[in-house]
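Reviewing the structure listed below.
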Amino acid sequence: MKNPFLNTVAAALAAAALLSAVPAQAALKEGDAAPDFKLQASQAGKAFSYTLKDALKKGPVVVYFYPSAFTAGCNIQAHAFASNVEKFAAAGATIVGVSLDSISRLNDFSADPQYCAGKIPVASDADGRVARAFDLSVTEIPAGRKDTRGVEIDHARTDRTTFIVTPDGRIAATVGGVSPDANVQQALDIVQNLRAKAAARKS
């Protein structure tokens, strides 16, 4: 007799393996212009309109693309960003996650205390338009794949890649091909370095 719990675990592990592919090397690089975008986003379970151009008025923006909400690596990454949001803020930077999840999935993800915890916005790039604008690949997830809640993943995926965008709309750095925790730490190191360089120029 099949064990439903084991079946769910197996499905979640299979989905995690699929979603942890190494990022494409075609992603935009340092010095490239970051495409502006406007997307429906969610923070603390509430949907709103997010525009990169407006966010850049406050300082550097960490734009992190991830495969899917409620999957192993993405859960870790969201939790790490949320846990370090004050450190990013101290460096003058804000954060936005972008995936092909629907806004309804992101409403749940953004409010979940284990992951985004209401501290960071996550935006719905449902058709993959923004991911492609950043030169990231978009691939379909096979039917039947389930997330860590046992809910079927009903959207395509993009690569786990983080871009640090400076207020002038340029990409200062691209982080990819590392673990979710390392992705967050490298992004934090970069924005802190940008802050230090800006302070040195003023002194």
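Labels for the structure tokens follow display order: chains A, B, ..., residues from 1 in each chain, ligands from 1.
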
(Q) Taking the DSSP secondary structure from the backbone, can you list the residues of chain A that are strand (DSSP E), as a PyMOL selection string? (A) chain A and resi 38-43+46-51+61-65+94-99+122-124+138-139+157-158+161-165+171-176

Write out as CSV the residues of region 35-78 of chain A that have any atom within 6 Å of an atom of region 93-101 of chain A, one row each with the nearest atom pair and its distance in Å to one decimal, counting only C-alpha atoms, sorted by chain and then rising number.
residue,atom,partner,partner_atom,distance
A:Gly59,CA,A:Ala93,CA,5.6
A:Pro60,CA,A:Ala93,CA,4.8
A:Val61,CA,A:Thr94,CA,4.9
A:Val62,CA,A:Ile95,CA,4.7
A:Val63,CA,A:Val96,CA,5.2
A:Tyr64,CA,A:Gly97,CA,4.8
A:Phe65,CA,A:Val98,CA,4.7
A:Tyr66,CA,A:Ser99,CA,5.5

Could the residues in this selection be saved with C-alpha atoms as an mmCIF file, in the first residue's frame?
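Done, and the output landed in selection-v7.cif:
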data_model
loop_
_atom_site.group_PDB
_atom_site.id
_atom_site.type_symbol
_atom_site.label_atom_id
_atom_site.label_comp_id
_atom_site.auth_asym_id
_atom_site.auth_seq_id
_atom_site.Cartn_x
_atom_site.Cartn_y
_atom_site.Cartn_z
ATOM 1 C CA GLY A 59 18.579 53.473 -3.348
ATOM 2 C CA PRO A 60 19.951 50.189 -4.759
ATOM 3 C CA VAL A 61 17.470 47.391 -5.336
ATOM 4 C CA VAL A 62 18.214 43.675 -4.959
ATOM 5 C CA VAL A 63 16.073 41.992 -7.625
ATOM 6 C CA TYR A 64 16.113 38.274 -6.969
ATOM 7 C CA PHE A 65 14.550 35.833 -9.412
ATOM 8 C CA TYR A 66 13.655 32.413 -8.038
#

**Q.** Pick from A:Ala78, A:Val191, A:Ile171, A:Val178 nearest to Asp36 (chain A), counting only C-alpha atoms
**A.**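 With only C-alpha atoms as the atom set, the closest residue is A:Ile171.
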
**Q.** Polymer residues at most 7 Å from region 129-144 of chain A, only C-alpha atoms, same-chain spacing of 4 or more positions, as a ChimeraX atom specification
**A.** /A:24,26-28,35,37,125,152,155-159

What would the file look like if the residues just selected were written as an mmCIF file, in the first residue's frame with C-alpha atoms?
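Okay, part.cif is ready:
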data_model
loop_
_atom_site.group_PDB
_atom_site.id
_atom_site.type_symbol
_atom_site.label_atom_id
_atom_site.label_comp_id
_atom_site.auth_asym_id
_atom_site.auth_seq_id
_atom_site.Cartn_x
_atom_site.Cartn_y
_atom_site.Cartn_z
ATOM 1 C CA ALA A 24 21.859 30.322 -17.433
ATOM 2 C CA ALA A 26 23.165 34.594 -20.515
ATOM 3 C CA ALA A 27 21.890 36.656 -17.573
ATOM 4 C CA LEU A 28 22.565 40.394 -17.743
ATOM 5 C CA PRO A 35 15.058 46.712 -17.679
ATOM 6 C CA PHE A 37 9.347 46.744 -14.909
ATOM 7 C CA ASP A 125 5.964 37.760 -13.469
ATOM 8 C CA GLU A 152 0.621 21.332 -7.620
ATOM 9 C CA HIS A 155 3.475 27.787 -13.611
ATOM 10 C CA ALA A 156 6.799 27.856 -15.464
ATOM 11 C CA ARG A 157 10.128 28.538 -13.736
ATOM 12 C CA THR A 158 13.120 30.794 -14.191
ATOM 13 C CA ASP A 159 16.675 30.630 -12.936
#

Per residue of region 128-177 of chain A within 12 Å of region 192-203 of chain A, which atom pair is closest and at what distance in Å (one decimal), using only C-alpha atoms, listed by chain and increasing number, as JSON lines?
{"residue": "A:Ile164", "atom": "CA", "partner": "A:Leu194", "partner_atom": "CA", "distance": 10.0}
{"residue": "A:Val165", "atom": "CA", "partner": "A:Leu194", "partner_atom": "CA", "distance": 10.7}
{"residue": "A:Thr166", "atom": "CA", "partner": "A:Leu194", "partner_atom": "CA", "distance": 9.0}
{"residue": "A:Pro167", "atom": "CA", "partner": "A:Leu194", "partner_atom": "CA", "distance": 11.4}
{"residue": "A:Ile171", "atom": "CA", "partner": "A:Leu194", "partner_atom": "CA", "distance": 11.9}
{"residue": "A:Ala172", "atom": "CA", "partner": "A:Leu194", "partner_atom": "CA", "distance": 8.7}
{"residue": "A:Ala173", "atom": "CA", "partner": "A:Leu194", "partner_atom": "CA", "distance": 10.5}

Q: For CA of Tyr50 (chain A) and CA of Ile76 (chain A), determine how far apart the two atoms are, in Å to one decimal place.
A: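 Answer for the CA of Tyr50 (chain A) to CA of Ile76 (chain A) separation: 23.2 Å.
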
Mind listing the alpha helix (DSSP H) residues of region 75-184 of chain A, per DSSP on the backbone, as an mmCIF file with C-alpha atoms, in the first residue's frame?
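Result file is states-v6.cif:
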data_model
loop_
_atom_site.group_PDB
_atom_site.id
_atom_site.type_symbol
_atom_site.label_atom_id
_atom_site.label_comp_id
_atom_site.auth_asym_id
_atom_site.auth_seq_id
_atom_site.Cartn_x
_atom_site.Cartn_y
_atom_site.Cartn_z
ATOM 1 C CA ASN A 75 11.824 28.811 0.981
ATOM 2 C CA ILE A 76 15.371 29.009 2.352
ATOM 3 C CA GLN A 77 16.208 32.023 0.212
ATOM 4 C CA ALA A 78 13.070 33.964 1.143
ATOM 5 C CA HIS A 79 13.657 33.266 4.836
ATOM 6 C CA ALA A 80 17.285 34.419 4.543
ATOM 7 C CA PHE A 81 16.324 37.658 2.794
ATOM 8 C CA ALA A 82 13.594 38.335 5.358
ATOM 9 C CA SER A 83 15.959 37.603 8.253
ATOM 10 C CA VAL A 85 16.211 42.779 5.643
ATOM 11 C CA GLU A 86 17.431 45.203 8.321
ATOM 12 C CA LYS A 87 21.052 44.708 7.196
ATOM 13 C CA PHE A 88 20.076 45.429 3.596
ATOM 14 C CA ALA A 89 18.174 48.517 4.759
ATOM 15 C CA ALA A 90 21.216 49.695 6.730
ATOM 16 C CA ILE A 103 -0.337 36.646 -7.212
ATOM 17 C CA SER A 104 -2.613 34.359 -5.181
ATOM 18 C CA ARG A 105 0.306 32.005 -4.451
ATOM 19 C CA LEU A 106 2.481 34.990 -3.608
ATOM 20 C CA ASN A 107 -0.102 36.421 -1.223
ATOM 21 C CA ASP A 108 0.280 33.249 0.819
ATOM 22 C CA PHE A 109 4.081 33.130 0.438
ATOM 23 C CA SER A 110 4.638 36.784 1.341
ATOM 24 C CA ALA A 111 2.639 36.470 4.551
ATOM 25 C CA ARG A 129 8.283 38.720 -19.605
ATOM 26 C CA VAL A 130 10.494 40.352 -16.982
ATOM 27 C CA ALA A 131 12.682 37.276 -16.527
ATOM 28 C CA ARG A 132 13.326 37.191 -20.278
ATOM 29 C CA ALA A 133 14.102 40.919 -20.261
ATOM 30 C CA PRO A 180 20.155 30.024 -1.687
ATOM 31 C CA ASP A 181 21.930 31.083 1.520
ATOM 32 C CA ALA A 182 25.108 32.022 -0.343
ATOM 33 C CA ASN A 183 23.038 33.969 -2.862
ATOM 34 C CA VAL A 184 21.627 36.148 -0.082
#

Q: Could you tell me which of A:Lys119, A:Lys46, A:Lys53, A:Arg170 comes closest to Asp32 (chain A) if we count only C-alpha atoms?
A: A:Arg170

Q) Between CA of Thr71 (chain A) and CA of Asn84 (chain A), what is the distance, to one decimal in Å? A) 19.9 Å

Q | For Gln114 (chain A), the nearest of the candidates A:Ala34, A:Ala91, A:Ile153, A:Ala72, counting only C-alpha atoms | A | A:Ala72
